[in-house]
Amino acid sequence: MGNPAKILDSLLVISYQSGDKKALALLFERWNKKLCVQAYRYTHDWGLAEDITQDTWRTVMAKIHLLRDADSFGSWVLTIISRKALDSIKRRKKFTKGLDENHWVNNVVDLNEAATREEQIQIVLNALTVLPADQRIVLKLFYLEEYSLKEISAITKVSVSTVKTRLFRAREKMKLLLKK
């Protein structure tokens with residue numbers, strides 16, 4: 001039997017496609033915060049994440065009738081927001097200089113020296129900023145969102161083997177960063 005949340009989302013999508021406007025409002029209630037958090041993971045800016053989320057809902061409203069498999073709503077909408085967030089990051093990089101990679105490599109504190117769990121978490125999050133965006137995204141989707149390799153492949157629109165490679169490389173870089 002399927003995941004009850006996925007089943008409910010499928011029913012809401014089908015209802016909206018059949019003309020029930022309230023179904024979209026329910027989808028919005030169920031997904032808006034999750035989408036905003038997903039956008040924030042890419043941008044690290046709540047204001048920008050909210051803008052991207054709003055733009056994502058515009059796209060969902062315009063294209064939900066094209067969604068053939070209602071069961072795939074979750075991965076479909078996460079793909080949309082991920083793409084929009086990545087596009088936003090690319091646009092922002094044109095106007096600002098990127099983080100100096102050497103800053104984090106040279107200034108990451110040893111996890112064993114960190115006194116509290118919060119400090120350890122902050123050290124790991126800081127180390128994540130050094131990773132290339134494609135590796136960071138795969139790492140976050142796999143460990144934080146607990147998506148399968150196949151689902152990550154669908155979200156990022158790359159092959160499963162590419163997802164595996166990115167995940168491996170991200171783990172290796174994180175090991176190096178956190179050893180220092």
# chains A, B, ... in the order shown; residues from 1 in each chain; ligands from 1
>>> residues_around(residues="stretch 17-27 of chain A", least_positions_apart="6", cutoff="12 Å", atoms="only C-alpha atoms", output="VMD selection string")
chain A and resid 5 to 6 8 to 11 33 to 35 57 to 58 60 to 70 73 to 74 77
>>> write_last_selection(atoms="N, CA and C atoms", output="short mmCIF file (atom, residue, chain, number, x, y, z; two decimals), in the first residue's frame")
data_model
loop_
_atom_site.label_atom_id
_atom_site.label_comp_id
_atom_site.auth_asym_id
_atom_site.auth_seq_id
_atom_site.Cartn_x
_atom_site.Cartn_y
_atom_site.Cartn_z
N ALA A 5 0.29 10.19 2.51
CA ALA A 5 0.49 11.59 2.09
C ALA A 5 0.52 11.68 0.56
N LYS A 6 1.19 10.72 -0.08
CA LYS A 6 1.26 10.72 -1.55
C LYS A 6 -0.11 10.46 -2.15
N LEU A 8 -3.02 11.21 -0.79
CA LEU A 8 -3.81 12.43 -0.62
C LEU A 8 -3.42 13.47 -1.66
N ASP A 9 -2.12 13.63 -1.87
CA ASP A 9 -1.66 14.58 -2.89
C ASP A 9 -2.19 14.20 -4.27
N SER A 10 -2.16 12.92 -4.58
CA SER A 10 -2.66 12.44 -5.88
C SER A 10 -4.14 12.78 -6.04
N LEU A 11 -4.90 12.52 -4.99
CA LEU A 11 -6.33 12.81 -5.05
C LEU A 11 -6.59 14.31 -5.21
N LYS A 33 5.08 25.42 2.89
CA LYS A 33 6.20 25.54 3.82
C LYS A 33 7.37 24.65 3.39
N LYS A 34 7.05 23.44 2.96
CA LYS A 34 8.09 22.50 2.52
C LYS A 34 8.84 23.06 1.30
N LEU A 35 8.10 23.67 0.38
CA LEU A 35 8.73 24.26 -0.80
C LEU A 35 9.61 25.44 -0.43
N TRP A 57 4.53 28.36 -7.39
CA TRP A 57 3.08 28.15 -7.37
C TRP A 57 2.42 28.70 -8.64
N ARG A 58 2.95 29.79 -9.16
CA ARG A 58 2.43 30.30 -10.43
C ARG A 58 2.62 29.25 -11.53
N VAL A 60 3.02 26.00 -11.09
CA VAL A 60 2.16 24.85 -10.79
C VAL A 60 0.74 25.12 -11.30
N MET A 61 0.22 26.30 -11.02
CA MET A 61 -1.14 26.63 -11.45
C MET A 61 -1.26 26.61 -12.98
N ALA A 62 -0.21 27.06 -13.64
CA ALA A 62 -0.25 27.12 -15.10
C ALA A 62 -0.07 25.75 -15.76
N LYS A 63 0.64 24.85 -15.10
CA LYS A 63 1.01 23.60 -15.77
C LYS A 63 0.51 22.32 -15.11
N ILE A 64 -0.24 22.43 -14.03
CA ILE A 64 -0.68 21.22 -13.34
C ILE A 64 -1.59 20.37 -14.21
N HIS A 65 -2.28 21.00 -15.13
CA HIS A 65 -3.15 20.23 -16.03
C HIS A 65 -2.34 19.34 -16.97
N LEU A 66 -1.04 19.63 -17.13
CA LEU A 66 -0.18 18.81 -17.99
C LEU A 66 0.42 17.61 -17.25
N LEU A 67 0.28 17.60 -15.93
CA LEU A 67 0.83 16.52 -15.12
C LEU A 67 0.00 15.25 -15.36
N ARG A 68 0.61 14.27 -15.96
CA ARG A 68 -0.12 13.04 -16.33
C ARG A 68 -0.19 12.06 -15.17
N ASP A 69 0.86 11.98 -14.37
CA ASP A 69 0.89 11.03 -13.25
C ASP A 69 0.72 11.81 -11.95
N ALA A 70 -0.47 11.79 -11.40
CA ALA A 70 -0.76 12.55 -10.18
C ALA A 70 0.09 12.07 -9.01
N PHE A 73 3.35 14.16 -8.13
CA PHE A 73 3.24 15.59 -7.83
C PHE A 73 4.41 16.08 -6.97
N GLY A 74 4.76 15.33 -5.92
CA GLY A 74 5.82 15.75 -5.01
C GLY A 74 7.15 15.95 -5.71
N VAL A 77 6.87 18.98 -8.28
CA VAL A 77 6.92 20.32 -7.72
C VAL A 77 8.30 20.61 -7.11
#
>>> closest_atom_pairs(of="stretch 3-102 of chain A", to="stretch 157-172 of chain A", cutoff="12 Å", atoms="only C-alpha atoms", output="CSV")
residue,atom,partner,partner_atom,distance
A:Ser75,CA,A:Lys157,CA,10.7
A:Trp76,CA,A:Lys157,CA,10.7
A:Leu78,CA,A:Lys157,CA,11.4
A:Thr79,CA,A:Lys157,CA,8.1
A:Ile80,CA,A:Lys157,CA,10.8
A:Ser82,CA,A:Lys157,CA,10.6
A:Arg83,CA,A:Lys157,CA,9.8
>>> closest_residue(among="A:Gln135, A:Leu178, A:Ile152, A:Gly47", to="A:Ile121", atoms="only C-alpha atoms")
A:Leu178
>>> select_by_dssp(residues="chain A", states="helix (DSSP H, G or I)", output="PyMOL selection string")
chain A and resi 4-17+21-43+46-66+70-95+101-107+117-128+133-144+149-156+160-179
>>> atom_distance(atom1="atom CA of A:Lys175", atom2="atom CA of A:Ala127")
9.8 Å
>>> atom_distance(atom1="atom CA of A:Asp71", atom2="atom CA of A:Leu12")
10.2 Å
>>> residues_around(residues="A:Ile89", least_positions_apart="4", cutoff="9 Å", atoms="only C-alpha atoms", output="PyMOL selection string")
chain A and resi 42-43+84-85+93-94
>>> write_last_selection(atoms="C-alpha atoms", output="PDB file, in the first residue's frame")
ATOM      1  CA  TYR A  42      19.588  26.419  -2.080  1.00  0.00           C
ATOM      2  CA  THR A  43      19.588  30.177  -1.538  1.00  0.00           C
ATOM      3  CA  LYS A  84      14.000  27.933 -10.078  1.00  0.00           C
ATOM      4  CA  ALA A  85      16.310  28.154  -7.067  1.00  0.00           C
ATOM      5  CA  LYS A  93      26.427  34.832  -9.036  1.00  0.00           C
ATOM      6  CA  LYS A  94      26.662  37.123 -12.033  1.00  0.00           C
TER       7      LYS A  94
END
>>> atom_distance(atom1="atom CA of A:Arg41", atom2="atom CA of A:Lys140")
8.2 Å
>>> closest_residue(among="A:Glu146, A:Asp55, A:Asp87, A:Glu119", to="A:Ala133", atoms="only C-alpha atoms")
A:Asp87
